[in-house]
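One file, structure.pdb, is given below (PDB, C-alpha atoms).
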```
MODEL        1
ATOM      1  CA  MET F   1      67.076 -81.726 -57.112
ATOM      2  CA  THR F   2      65.959 -81.547 -60.720
ATOM      3  CA  VAL F   3      66.984 -78.914 -63.244
ATOM      4  CA  HIS F   4      64.424 -78.041 -65.920
ATOM      5  CA  ASN F   5      64.934 -75.773 -68.905
ATOM      6  CA  LEU F   6      62.287 -73.145 -69.584
ATOM      7  CA  LEU F   7      63.358 -72.510 -73.183
ATOM      8  CA  THR F   8      62.961 -76.079 -74.420
ATOM      9  CA  ASN F   9      60.111 -78.593 -74.624
ATOM     10  CA  LEU F  10      57.883 -76.031 -76.322
ATOM     11  CA  PRO F  11      54.487 -76.728 -77.890
ATOM     12  CA  ALA F  12      53.961 -76.513 -81.639
ATOM     13  CA  CYS F  13      53.130 -73.039 -82.903
ATOM     14  CA  ALA F  14      49.381 -72.986 -83.445
ATOM     15  CA  ALA F  15      47.212 -70.011 -82.516
ATOM     16  CA  ASN F  16      44.095 -72.178 -82.502
ATOM     17  CA  SER F  17      45.327 -74.396 -79.678
ATOM     18  CA  ALA F  18      45.379 -73.561 -75.989
ATOM     19  CA  GLU F  19      48.309 -71.882 -74.298
ATOM     20  CA  ARG F  20      50.537 -74.327 -72.479
ATOM     21  CA  ILE F  21      50.897 -73.853 -68.739
ATOM     22  CA  ASP F  22      53.499 -75.663 -66.632
ATOM     23  CA  GLU F  23      53.529 -75.258 -62.869
ATOM     24  CA  LEU F  24      57.132 -74.886 -61.716
ATOM     25  CA  LEU F  25      56.682 -74.251 -58.003
ATOM     26  CA  SER F  26      53.720 -74.285 -55.646
ATOM     27  CA  ARG F  27      53.968 -73.150 -52.037
ATOM     28  CA  PRO F  28      51.461 -71.575 -49.635
ATOM     29  CA  GLY F  29      50.572 -68.192 -51.150
ATOM     30  CA  LEU F  30      52.991 -68.629 -54.078
ATOM     31  CA  ARG F  31      52.889 -70.278 -57.497
ATOM     32  CA  VAL F  32      55.429 -70.036 -60.309
ATOM     33  CA  GLU F  33      54.284 -70.954 -63.803
ATOM     34  CA  ARG F  34      55.706 -71.048 -67.294
ATOM     35  CA  ILE F  35      53.081 -70.030 -69.843
ATOM     36  CA  VAL F  36      53.807 -70.537 -73.537
ATOM     37  CA  SER F  37      51.736 -68.590 -76.043
ATOM     38  CA  THR F  38      51.950 -69.281 -79.765
ATOM     39  CA  GLY F  39      49.835 -66.497 -81.224
ATOM     40  CA  GLN F  40      46.916 -66.622 -78.792
ATOM     41  CA  ALA F  41      45.184 -63.502 -77.465
ATOM     42  CA  SER F  42      42.535 -62.921 -74.824
ATOM     43  CA  PRO F  43      39.022 -63.381 -76.212
ATOM     44  CA  SER F  44      37.350 -60.195 -77.440
ATOM     45  CA  GLY F  45      36.002 -58.178 -74.521
ATOM     46  CA  PHE F  46      37.615 -60.440 -71.912
ATOM     47  CA  TRP F  47      39.573 -58.933 -69.012
ATOM     48  CA  TYR F  48      41.625 -60.870 -66.476
ATOM     49  CA  ASP F  49      40.533 -59.882 -62.960
ATOM     50  CA  GLN F  50      42.773 -61.898 -60.676
ATOM     51  CA  ALA F  51      42.521 -62.387 -56.926
ATOM     52  CA  GLU F  52      46.305 -62.838 -56.777
ATOM     53  CA  GLY F  53      49.102 -60.467 -57.619
ATOM     54  CA  GLU F  54      51.172 -61.512 -60.640
ATOM     55  CA  TRP F  55      54.781 -60.579 -61.220
ATOM     56  CA  VAL F  56      55.589 -61.573 -64.789
ATOM     57  CA  VAL F  57      58.555 -61.503 -67.168
ATOM     58  CA  LEU F  58      58.628 -62.259 -70.874
ATOM     59  CA  LEU F  59      61.465 -64.677 -71.671
ATOM     60  CA  SER F  60      61.021 -64.899 -75.444
ATOM     61  CA  GLY F  61      58.685 -63.758 -78.212
ATOM     62  CA  ALA F  62      56.567 -60.610 -78.014
ATOM     63  CA  ALA F  63      53.171 -59.613 -76.659
ATOM     64  CA  GLY F  64      50.756 -56.696 -76.459
ATOM     65  CA  LEU F  65      49.428 -56.151 -72.930
ATOM     66  CA  ARG F  66      46.536 -53.823 -72.209
ATOM     67  CA  PHE F  67      45.301 -52.510 -68.874
ATOM     68  CA  GLU F  68      41.700 -51.381 -68.604
ATOM     69  CA  HIS F  69      42.675 -48.138 -66.869
ATOM     70  CA  GLU F  70      45.113 -47.230 -69.656
ATOM     71  CA  ASP F  71      44.223 -46.217 -73.193
ATOM     72  CA  TYR F  72      47.118 -47.897 -74.959
ATOM     73  CA  THR F  73      48.649 -51.341 -75.444
ATOM     74  CA  ARG F  74      52.087 -52.014 -73.989
ATOM     75  CA  LEU F  75      54.550 -53.872 -76.190
ATOM     76  CA  LEU F  76      56.474 -56.463 -74.190
ATOM     77  CA  ALA F  77      59.835 -57.740 -75.449
ATOM     78  CA  PRO F  78      62.183 -60.378 -73.973
ATOM     79  CA  GLY F  79      63.383 -59.377 -70.508
ATOM     80  CA  ASP F  80      60.472 -57.013 -69.882
ATOM     81  CA  CYS F  81      58.882 -57.542 -66.481
ATOM     82  CA  LEU F  82      56.170 -55.916 -64.428
ATOM     83  CA  ASP F  83      54.026 -56.428 -61.362
ATOM     84  CA  ILE F  84      50.278 -56.699 -61.912
ATOM     85  CA  PRO F  85      48.476 -56.080 -58.609
ATOM     86  CA  ALA F  86      45.433 -58.174 -57.744
ATOM     87  CA  HIS F  87      42.283 -57.020 -59.549
ATOM     88  CA  TYR F  88      44.149 -54.828 -62.036
ATOM     89  CA  ARG F  89      42.036 -55.723 -65.039
ATOM     90  CA  HIS F  90      44.150 -56.541 -68.079
ATOM     91  CA  ARG F  91      44.127 -58.529 -71.288
ATOM     92  CA  VAL F  92      46.612 -59.900 -73.798
ATOM     93  CA  GLU F  93      45.827 -58.134 -77.067
ATOM     94  CA  TRP F  94      48.171 -60.326 -79.076
ATOM     95  CA  THR F  95      51.193 -62.606 -78.918
ATOM     96  CA  ALA F  96      53.678 -63.077 -81.744
ATOM     97  CA  PRO F  97      52.463 -65.508 -84.402
ATOM     98  CA  GLY F  98      54.657 -68.374 -85.537
ATOM     99  CA  THR F  99      56.946 -68.383 -82.526
ATOM    100  CA  ALA F 100      56.888 -69.192 -78.833
ATOM    101  CA  THR F 101      56.181 -66.349 -76.450
ATOM    102  CA  ILE F 102      57.373 -67.613 -73.070
ATOM    103  CA  TRP F 103      56.058 -65.960 -69.890
ATOM    104  CA  LEU F 104      57.378 -66.663 -66.432
ATOM    105  CA  ALA F 105      54.676 -65.733 -63.928
ATOM    106  CA  VAL F 106      54.946 -65.516 -60.138
ATOM    107  CA  PHE F 107      51.462 -65.470 -58.588
ATOM    108  CA  TYR F 108      51.275 -64.420 -54.957
ATOM    109  CA  SER F 109      48.490 -64.061 -52.427
ATOM    110  CA  SER F 110      47.601 -60.680 -51.053
ATOM    111  CA  VAL F 111      46.116 -62.361 -47.997
ATOM    112  CA  SER F 112      47.754 -64.837 -45.648
ATOM    113  CA  PRO F 113      47.765 -68.345 -47.098
ATOM    114  CA  TRP F 114      48.221 -69.832 -43.637
ATOM    115  CA  PRO F 115      45.295 -70.591 -41.328
ATOM    116  CA  ALA F 116      45.222 -68.281 -38.329
TER     117      ALA F 116
ATOM    118  CA  MET K   1      52.694 -49.698 -63.551
ATOM    119  CA  THR K   2      56.334 -49.681 -64.602
ATOM    120  CA  VAL K   3      57.964 -52.110 -67.017
ATOM    121  CA  HIS K   4      61.638 -52.911 -66.401
ATOM    122  CA  ASN K   5      63.941 -54.965 -68.591
ATOM    123  CA  LEU K   6      66.050 -57.638 -66.911
ATOM    124  CA  LEU K   7      68.485 -58.001 -69.804
ATOM    125  CA  THR K   8      69.604 -54.383 -69.931
ATOM    126  CA  ASN K   9      71.257 -51.963 -67.496
ATOM    127  CA  LEU K  10      73.991 -54.487 -66.728
ATOM    128  CA  PRO K  11      77.134 -53.803 -64.712
ATOM    129  CA  ALA K  12      80.556 -53.807 -66.336
ATOM    130  CA  CYS K  13      82.186 -57.216 -66.553
ATOM    131  CA  ALA K  14      84.708 -57.360 -63.723
ATOM    132  CA  ALA K  15      85.220 -60.460 -61.575
ATOM    133  CA  ASN K  16      86.846 -58.421 -58.820
ATOM    134  CA  SER K  17      83.737 -56.331 -58.168
ATOM    135  CA  ALA K  18      80.653 -57.398 -56.254
ATOM    136  CA  GLU K  19      77.693 -59.084 -57.879
ATOM    137  CA  ARG K  20      74.868 -56.692 -58.601
ATOM    138  CA  ILE K  21      71.552 -57.393 -56.899
ATOM    139  CA  ASP K  22      68.305 -55.618 -57.802
ATOM    140  CA  GLU K  23      65.160 -56.262 -55.806
ATOM    141  CA  LEU K  24      62.224 -56.570 -58.211
ATOM    142  CA  LEU K  25      59.391 -57.471 -55.849
ATOM    143  CA  SER K  26      59.037 -57.676 -52.089
ATOM    144  CA  ARG K  27      55.934 -59.031 -50.396
ATOM    145  CA  PRO K  28      55.357 -60.855 -47.097
ATOM    146  CA  GLY K  29      57.216 -64.150 -47.393
ATOM    147  CA  LEU K  30      58.333 -63.449 -50.972
ATOM    148  CA  ARG K  31      61.184 -61.615 -52.646
ATOM    149  CA  VAL K  32      62.143 -61.569 -56.331
ATOM    150  CA  GLU K  33      65.657 -60.473 -57.227
ATOM    151  CA  ARG K  34      67.809 -60.117 -60.295
ATOM    152  CA  ILE K  35      71.407 -61.047 -59.567
ATOM    153  CA  VAL K  36      74.067 -60.290 -62.162
ATOM    154  CA  SER K  37      77.381 -62.133 -61.912
ATOM    155  CA  THR K  38      80.360 -61.214 -64.067
ATOM    156  CA  GLY K  39      82.829 -63.960 -63.299
ATOM    157  CA  GLN K  40      82.400 -64.091 -59.505
ATOM    158  CA  ALA K  41      82.334 -67.341 -57.545
ATOM    159  CA  SER K  42      81.586 -68.182 -53.924
ATOM    160  CA  PRO K  43      84.673 -67.764 -51.719
ATOM    161  CA  SER K  44      86.733 -70.910 -51.186
ATOM    162  CA  GLY K  45      85.099 -73.146 -48.583
ATOM    163  CA  PHE K  46      81.952 -71.013 -48.375
ATOM    164  CA  TRP K  47      78.500 -72.629 -48.522
ATOM    165  CA  TYR K  48      75.200 -70.795 -48.722
ATOM    166  CA  ASP K  49      72.882 -72.043 -45.960
ATOM    167  CA  GLN K  50      69.664 -70.097 -46.469
ATOM    168  CA  ALA K  51      66.643 -69.862 -44.187
ATOM    169  CA  GLU K  52      64.427 -69.275 -47.242
ATOM    170  CA  GLY K  53      63.689 -71.504 -50.191
ATOM    171  CA  GLU K  54      65.049 -70.194 -53.488
ATOM    172  CA  TRP K  55      63.594 -70.959 -56.891
ATOM    173  CA  VAL K  56      66.094 -69.716 -59.438
ATOM    174  CA  VAL K  57      66.460 -69.539 -63.223
ATOM    175  CA  LEU K  58      69.499 -68.545 -65.255
ATOM    176  CA  LEU K  59      68.531 -65.984 -67.911
ATOM    177  CA  SER K  60      71.919 -65.530 -69.591
ATOM    178  CA  GLY K  61      75.543 -66.581 -69.219
ATOM    179  CA  ALA K  62      76.641 -69.792 -67.528
ATOM    180  CA  ALA K  63      77.415 -71.004 -64.019
ATOM    181  CA  GLY K  64      78.664 -74.000 -62.081
ATOM    182  CA  LEU K  65      76.473 -74.814 -59.062
ATOM    183  CA  ARG K  66      77.534 -77.283 -56.416
ATOM    184  CA  PHE K  67      75.463 -78.851 -53.642
ATOM    185  CA  GLU K  68      77.257 -80.128 -50.573
ATOM    186  CA  HIS K  69      75.389 -83.432 -50.644
ATOM    187  CA  GLU K  70      76.401 -84.077 -54.261
ATOM    188  CA  ASP K  71      79.889 -84.894 -55.501
ATOM    189  CA  TYR K  72      79.716 -83.005 -58.776
ATOM    190  CA  THR K  73      79.168 -79.479 -60.101
ATOM    191  CA  ARG K  74      76.031 -78.785 -62.120
ATOM    192  CA  LEU K  75      76.456 -76.699 -65.278
ATOM    193  CA  LEU K  76      73.634 -74.168 -65.632
ATOM    194  CA  ALA K  77      72.807 -72.710 -69.051
ATOM    195  CA  PRO K  78      70.209 -70.085 -70.043
ATOM    196  CA  GLY K  79      66.695 -71.273 -69.215
ATOM    197  CA  ASP K  80      67.845 -73.768 -66.585
ATOM    198  CA  CYS K  81      65.854 -73.509 -63.365
ATOM    199  CA  LEU K  82      65.676 -75.369 -60.087
ATOM    200  CA  ASP K  83      64.275 -75.118 -56.590
ATOM    201  CA  ILE K  84      66.773 -74.943 -53.741
ATOM    202  CA  PRO K  85      65.019 -75.830 -50.477
ATOM    203  CA  ALA K  86      65.889 -73.909 -47.328
ATOM    204  CA  HIS K  87      69.164 -75.048 -45.760
ATOM    205  CA  TYR K  88      70.316 -77.016 -48.813
ATOM    206  CA  ARG K  89      73.940 -76.012 -48.625
ATOM    207  CA  HIS K  90      75.301 -74.938 -51.978
ATOM    208  CA  ARG K  91      77.913 -72.727 -53.606
ATOM    209  CA  VAL K  92      78.602 -71.115 -56.958
ATOM    210  CA  GLU K  93      81.823 -72.704 -58.208
ATOM    211  CA  TRP K  94      82.142 -70.309 -61.124
ATOM    212  CA  THR K  95      80.278 -67.944 -63.421
ATOM    213  CA  ALA K  96      81.266 -67.218 -67.010
ATOM    214  CA  PRO K  97      84.075 -64.665 -67.279
ATOM    215  CA  GLY K  98      83.731 -61.654 -69.563
ATOM    216  CA  THR K  99      79.938 -61.764 -69.825
ATOM    217  CA  ALA K 100      76.855 -61.184 -67.704
ATOM    218  CA  THR K 101      75.350 -64.205 -65.991
ATOM    219  CA  ILE K 102      71.841 -63.104 -65.063
ATOM    220  CA  TRP K 103      69.965 -65.006 -62.335
ATOM    221  CA  LEU K 104      66.323 -64.472 -61.505
ATOM    222  CA  ALA K 105      65.730 -65.650 -57.954
ATOM    223  CA  VAL K 106      62.427 -66.102 -56.123
ATOM    224  CA  PHE K 107      63.037 -66.361 -52.368
ATOM    225  CA  TYR K 108      60.141 -67.654 -50.285
ATOM    226  CA  SER K 109      59.571 -68.270 -46.612
ATOM    227  CA  SER K 110      58.990 -71.753 -45.346
ATOM    228  CA  VAL K 111      57.198 -70.326 -42.331
ATOM    229  CA  SER K 112      54.248 -67.950 -42.229
ATOM    230  CA  PRO K 113      55.330 -64.357 -42.797
ATOM    231  CA  TRP K 114      52.114 -63.104 -41.217
ATOM    232  CA  PRO K 115      51.719 -62.616 -37.463
ATOM    233  CA  ALA K 116      49.342 -65.132 -35.922
TER     234      ALA K 116
ENDMDL
END
```
Mind turning the file's structure into structure tokens?
Amino acid sequence: MTVHNLLTNLPACAANSAERIDELLSRPGLRVERIVSTGQASPSGFWYDQAEGEWVVLLSGAAGLRFEHEDYTRLLAPGDCLDIPAHYRHRVEWTAPGTATIWLAVFYSSVSPWPA
Amino acid sequence: MTVHNLLTNLPACAANSAERIDELLSRPGLRVERIVSTGQASPSGFWYDQAEGEWVVLLSGAAGLRFEHEDYTRLLAPGDCLDIPAHYRHRVEWTAPGTATIWLAVFYSSVSPWPA
């Protein structure tokens, strides 16, 4: 029984490095991840198109989240959460520079993860 | 696509009222809840014995968490997270008085939620 802290052990703040992803839990049809952004954004023209649903909450920092079917960018602040259904195309327009934007993401299957 | 904020819309701080539970996501074999404690503790002698696994993170406040198979109480601070397997008997010894202790809990089935 190990306790981890999601707000510590953060990467250095550099927008030109990759986001840091830590898997916190993995079960059939379920995966919980901490994702730490330090100024990164989705590449120009790129849209996430995920086979899994993603329930996500911002724990620190700030981010601009855009959905393809919407014509505006949503500002996410600490505590903000939402459910992104599978195949809802979206992109991260920006994350706050010079600080850690911490996402907690719960990915879940929309089909049974167990063999019939 | 609705954004909620987990750190706002909190109940008044009263230890003699019930904890507040908000269901954030419900899918087969998966349930995400926000639980807000304001000084409550598990009743004397009571142990949670859950059929589901529970991955949980403390978002604010403080709590003392005790497992039956351990002889000490764990202090949980904001950002602390852990996975409580199904049937790991545990209890909340205390939560911070006079403030909101916000838990984010991911409950997951250890058996297939889909019919065979």
Quick one: which residues from chain K are at most 9 Å off chain F, using all atoms listed in the file, as a count of residues only? 35
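We find CA of Arg31 in chain K and CA of Gly98 in chain K to be spaced 28.2 Å apart.
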Any idea what the distance is between CA of Ala18 in chain K and CA of Arg89 in chain K?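 Atom-to-atom, CA of Ala18 in chain K to CA of Arg89 in chain K, that is 21.2 Å.
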Any idea what's packed within 10 Å of Ala96 in chain F, counting all atoms listed in the file, ignoring anything in its chain fewer than 2 positions away? Could you give it as an mmCIF file with C-alpha atoms, in the frame of the given file?
```
data_model
loop_
_atom_site.group_PDB
_atom_site.id
_atom_site.type_symbol
_atom_site.label_atom_id
_atom_site.label_comp_id
_atom_site.auth_asym_id
_atom_site.auth_seq_id
_atom_site.Cartn_x
_atom_site.Cartn_y
_atom_site.Cartn_z
ATOM 1 C CA ALA F 15 47.212 -70.011 -82.516
ATOM 2 C CA SER F 37 51.736 -68.590 -76.043
ATOM 3 C CA THR F 38 51.950 -69.281 -79.765
ATOM 4 C CA GLY F 39 49.835 -66.497 -81.224
ATOM 5 C CA GLN F 40 46.916 -66.622 -78.792
ATOM 6 C CA ALA F 41 45.184 -63.502 -77.465
ATOM 7 C CA SER F 60 61.021 -64.899 -75.444
ATOM 8 C CA GLY F 61 58.685 -63.758 -78.212
ATOM 9 C CA ALA F 62 56.567 -60.610 -78.014
ATOM 10 C CA ALA F 63 53.171 -59.613 -76.659
ATOM 11 C CA GLY F 64 50.756 -56.696 -76.459
ATOM 12 C CA TRP F 94 48.171 -60.326 -79.076
ATOM 13 C CA GLY F 98 54.657 -68.374 -85.537
ATOM 14 C CA THR F 99 56.946 -68.383 -82.526
ATOM 15 C CA ALA F 100 56.888 -69.192 -78.833
ATOM 16 C CA THR F 101 56.181 -66.349 -76.450
#
```
Exactly which residues make up the result of the PyMOL selection byres ((chain F and resi 19) around 7) on this file, given as an mmCIF file with C-alpha atoms, keeping the file's coordinate frame?
```cif
data_model
loop_
_atom_site.group_PDB
_atom_site.id
_atom_site.type_symbol
_atom_site.label_atom_id
_atom_site.label_comp_id
_atom_site.auth_asym_id
_atom_site.auth_seq_id
_atom_site.Cartn_x
_atom_site.Cartn_y
_atom_site.Cartn_z
ATOM 1 C CA SER F 17 45.327 -74.396 -79.678
ATOM 2 C CA ALA F 18 45.379 -73.561 -75.989
ATOM 3 C CA ARG F 20 50.537 -74.327 -72.479
ATOM 4 C CA ILE F 21 50.897 -73.853 -68.739
ATOM 5 C CA ILE F 35 53.081 -70.030 -69.843
ATOM 6 C CA VAL F 36 53.807 -70.537 -73.537
ATOM 7 C CA SER F 37 51.736 -68.590 -76.043
#
```
As a check of understanding, name the residues that the PyMOL selection byres ((chain K and resi 87) around 8) selects in the supplied structure, as number ranges by chain. K: 48-53, 85-86, 88-89
Find the residue from K:Ala105, K:Val56, K:His90, K:Asn9 that sits nearest to His69 in chain K; use all atoms listed in the file when measuring.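 Closest candidate: K:His90.
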Which distance in Å separates CA of Ser26 in chain F and CA of Trp103 in chain K, to one decimal?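 About the pair CA of Ser26 in chain F and CA of Trp103 in chain K: they are 19.9 Å apart.
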Could you write out as JSON the box around range 77-95 of chain K (axis-aligned, all atoms listed in the file, 5 Å on each side), with centre and edge lengths in Å to one decimal?
```
{"center_x": 73.2, "center_y": -72.5, "center_z": -57.9, "size_x": 27.9, "size_y": 19.1, "size_z": 34.3}
```
Which polymer residues have any atom within 12 Å of an atom of Gly45 in chain K, counting all atoms listed in the file, with same-chain residues fewer than 6 positions away left out, as an MDAnalysis selection string? chainID K and resid 66 68 89:93
